[in-house]
Amino acid sequence: CCCRVASLGGGPGFDAIGLSLMAVMQQLHVQFEVTNYDIEATWEEVVQAVDTHLCAPLGHVARFGVCDITEGLDPAGSNSAFTAALGPAADGFDIFAVEFVVAENSLKLEATDFLLFRQLFRRVPPSTVFVFMDATHRYWAKLVAVAAEEGRFDAALPHFEAGKSLFGFPKHVLVLRKQPALRAGEVPAASASVSSRLAWFESHRKAHGEWWKRRAAGGDEDSDETSTLPETLQCDAQVE
C-alpha cells in the first residue's frame, strides 16, 4: 500500500529519509510518498538528491514543493502547488507532518487565525492524520480548538518520561486524527487527561504572551520569563 505524506517545514527531506529507513528496519510493506514543503526553495536540489540516492533505491519517493504556512490555500498564490497536490476533495495526503514551524511563525499564524490549518481541518476527509512537532507546547490548545471548530478530531499528546524518550524524538508532539461527523444524538468522547494538559499549555501560552507585552513596554527587561509563569508551569518551562 501507499502512504502519502505532506511534510510542512520538511526542509531537506528529514521525513523522507526517516520513513524510508524505518520501512526497511521494521520491514513495513508500505511505500512512502513524501512531499517536502518549505518556504525555502533552495532545498529542492537537496530533496532531489535524497530521492535519487536513498528513497528511490529503497522503493519510496521524495518530492519538493514550496509552501508558506502563513498563507491560505490558493490555486494561484504562493501555495498553488500545495493546493493542487491536495486536490479538489482535499484527499491528496494521508498524513500531514508539521515540524518546528508553528512557534516560529506564531504571530503571523495568529494574525490569520491559523488560516491554512483551519482550511485543512475543514476540507480533509476522515482518517487524515496531523502530526505537529515543535520546541514548545504553547500552541497545541489553540490548534485543537481550531480543529474542533472545523470538524471532529481525536487528539493525542505523546509523552515520554525523562530519560526514556526515543532518540531524536521531539519533546512536544500533538497528533490529531479526523473522525466522521457525529450522528444525531451522539456525544463526542473527550480524554480528561488530554483536556487537562491542553488547559495547562494554554495557561503557559498566555503567560508567555503577557511577559512579552511587559518586555516590549520596557518593563521586566532583566527578569527571567519563568518567574512570571504560574508555579505549575515553571518546572516545564525551564526544560523546554
# chains A, B, ... in the order shown; residues from 1 in each chain; ligands from 1
$ residues_around --residues "A:Asp51" --least-positions-apart "3" --cutoff "8 Å" --atoms "only C-alpha atoms" --output "ChimeraX atom specification"
/A:47-48,54-56,60-63
$ residues_around --residues "stretch 19-30 of chain A" --least-positions-apart "2" --cutoff "12 Å" --atoms "only C-alpha atoms" --output "NGL selection string"
:A and (1-5 or 7 or 13-17 or 32-34 or 50-51 or 53-62 or 97)
$ closest_residue --among "A:Glu99, A:Glu104, A:Glu150, A:Asp134" --to "A:Leu120" --atoms "only C-alpha atoms"
A:Glu150
$ closest_residue --among "A:His208, A:Pro12, A:Ala141, A:Phe130" --to "A:Glu45" --atoms "only C-alpha atoms"
A:Pro12
$ residues_around --residues "A:Gln179" --least-positions-apart "2" --cutoff "10 Å" --atoms "only C-alpha atoms" --output "list in words"
Pro125, Pro126, Ser127, Thr128, Val129, Gly151, Arg152, Phe153, Asp154, Leu176, Arg177, Ala181 and Leu182 of chain A
$ closest_residue --among "A:Leu116, A:Thr70, A:Gly65, A:Glu210" --to "A:Ala84" --atoms "only C-alpha atoms"
A:Gly65
$ residues_around --residues "A:Ala6" --least-positions-apart "3" --cutoff "9 Å" --atoms "only C-alpha atoms" --output "number ranges by chain"
A: 10, 33-37, 82, 92-98
$ select_by_dssp --residues "stretch 25-110 of chain A" --states "strand (DSSP E)" --output "ChimeraX atom specification"
/A:31-38,61-66,95-99
$ residues_around --residues "A:Leu198" --least-positions-apart "4" --cutoff "7 Å" --atoms "only C-alpha atoms" --output "list in words"
Trp140, Ala141, Val194 and Glu202 of chain A
$ write_last_selection --atoms "N, CA and C atoms" --output "short mmCIF file (atom, residue, chain, number, x, y, z; two decimals), in the first residue's frame"
data_model
loop_
_atom_site.label_atom_id
_atom_site.label_comp_id
_atom_site.auth_asym_id
_atom_site.auth_seq_id
_atom_site.Cartn_x
_atom_site.Cartn_y
_atom_site.Cartn_z
N TRP A 140 -0.55 24.14 21.18
CA TRP A 140 -1.34 22.92 21.00
C TRP A 140 -2.83 23.16 21.29
N ALA A 141 -3.13 23.86 22.37
CA ALA A 141 -4.54 24.08 22.72
C ALA A 141 -5.25 24.89 21.63
N VAL A 194 -6.01 14.60 28.50
CA VAL A 194 -5.63 15.46 27.38
C VAL A 194 -6.19 16.86 27.60
N GLU A 202 -2.27 26.07 27.49
CA GLU A 202 -2.85 27.37 27.14
C GLU A 202 -2.48 28.42 28.19
#
$ select_by_dssp --residues "stretch 84-205 of chain A" --states "helix (DSSP H, G or I)" --output "number ranges by chain"
A: 84-86, 103-111, 115-123, 140-150, 192-205
$ atom_distance --atom1 "atom CA of A:Phe121" --atom2 "atom CA of A:Leu107"
20.0 Å
$ closest_residue --among "A:Arg123, A:Arg215, A:His159, A:Arg118" --to "A:Ala147" --atoms "only C-alpha atoms"
A:Arg118
$ atom_distance --atom1 "atom CA of A:Phe64" --atom2 "atom CA of A:Phe117"
19.7 Å
$ closest_residue --among "A:Thr42, A:Thr112, A:Gln119, A:Thr52" --to "A:Ala90" --atoms "only C-alpha atoms"
A:Gln119
$ atom_distance --atom1 "atom CA of A:Lys178" --atom2 "atom CA of A:Ala156"
11.9 Å
$ residues_around --residues "stretch 71-74 of chain A" --least-positions-apart "2" --cutoff "7 Å" --atoms "only C-alpha atoms" --output "PDB file with N, CA and C atoms, in the first residue's frame"
ATOM      1  N   ASP A  68       3.989  28.206   2.075  1.00  0.00           N
ATOM      2  CA  ASP A  68       4.078  29.197   3.147  1.00  0.00           C
ATOM      3  C   ASP A  68       2.912  28.940   4.093  1.00  0.00           C
ATOM      4  N   ILE A  69       3.194  28.452   5.301  1.00  0.00           N
ATOM      5  CA  ILE A  69       2.112  28.093   6.216  1.00  0.00           C
ATOM      6  C   ILE A  69       1.367  29.309   6.750  1.00  0.00           C
ATOM      7  N   ALA A  76      -3.794  30.058  -7.126  1.00  0.00           N
ATOM      8  CA  ALA A  76      -2.967  30.973  -7.910  1.00  0.00           C
ATOM      9  C   ALA A  76      -1.924  31.702  -7.072  1.00  0.00           C
ATOM     10  N   GLY A  77      -1.865  31.436  -5.782  1.00  0.00           N
ATOM     11  CA  GLY A  77      -0.956  32.167  -4.904  1.00  0.00           C
ATOM     12  C   GLY A  77       0.310  31.409  -4.595  1.00  0.00           C
ATOM     13  N   ASN A  79       0.867  29.269  -2.406  1.00  0.00           N
ATOM     14  CA  ASN A  79       0.634  27.863  -2.073  1.00  0.00           C
ATOM     15  C   ASN A  79      -0.085  27.112  -3.189  1.00  0.00           C
ATOM     16  N   SER A  80       0.101  27.559  -4.422  1.00  0.00           N
ATOM     17  CA  SER A  80      -0.600  26.948  -5.557  1.00  0.00           C
ATOM     18  C   SER A  80      -0.218  25.482  -5.745  1.00  0.00           C
ATOM     19  N   THR A  83      -1.828  23.459  -2.978  1.00  0.00           N
ATOM     20  CA  THR A  83      -3.268  23.387  -3.200  1.00  0.00           C
ATOM     21  C   THR A  83      -3.598  22.383  -4.296  1.00  0.00           C
ATOM     22  N   LEU A 115      -5.182  30.264   9.414  1.00  0.00           N
ATOM     23  CA  LEU A 115      -5.997  30.059   8.221  1.00  0.00           C
ATOM     24  C   LEU A 115      -5.679  28.769   7.482  1.00  0.00           C
ATOM     25  N   LEU A 116      -4.407  28.510   7.201  1.00  0.00           N
ATOM     26  CA  LEU A 116      -4.074  27.306   6.431  1.00  0.00           C
ATOM     27  C   LEU A 116      -4.533  26.046   7.144  1.00  0.00           C
TER      28      LEU A 116
END
$ decode --residues "stretch 24-37 of chain A" --atoms "C-alpha atoms" --output "mmCIF file, in the first residue's frame"
data_model
loop_
_atom_site.group_PDB
_atom_site.id
_atom_site.type_symbol
_atom_site.label_atom_id
_atom_site.label_comp_id
_atom_site.auth_asym_id
_atom_site.auth_seq_id
_atom_site.Cartn_x
_atom_site.Cartn_y
_atom_site.Cartn_z
ATOM 1 C CA VAL A 24 13.420 -1.104 5.861
ATOM 2 C CA MET A 25 14.299 -1.579 9.528
ATOM 3 C CA GLN A 26 10.728 -2.528 10.520
ATOM 4 C CA GLN A 27 10.078 -4.495 7.312
ATOM 5 C CA LEU A 28 6.956 -2.483 6.575
ATOM 6 C CA HIS A 29 5.027 -3.383 3.446
ATOM 7 C CA VAL A 30 4.240 0.212 2.554
ATOM 8 C CA GLN A 31 5.568 2.736 0.066
ATOM 9 C CA PHE A 32 6.011 6.238 1.437
ATOM 10 C CA GLU A 33 5.487 9.134 -0.965
ATOM 11 C CA VAL A 34 6.759 12.183 0.889
ATOM 12 C CA THR A 35 6.437 15.717 -0.447
ATOM 13 C CA ASN A 36 8.661 18.104 1.491
ATOM 14 C CA TYR A 37 7.079 21.569 1.587
#
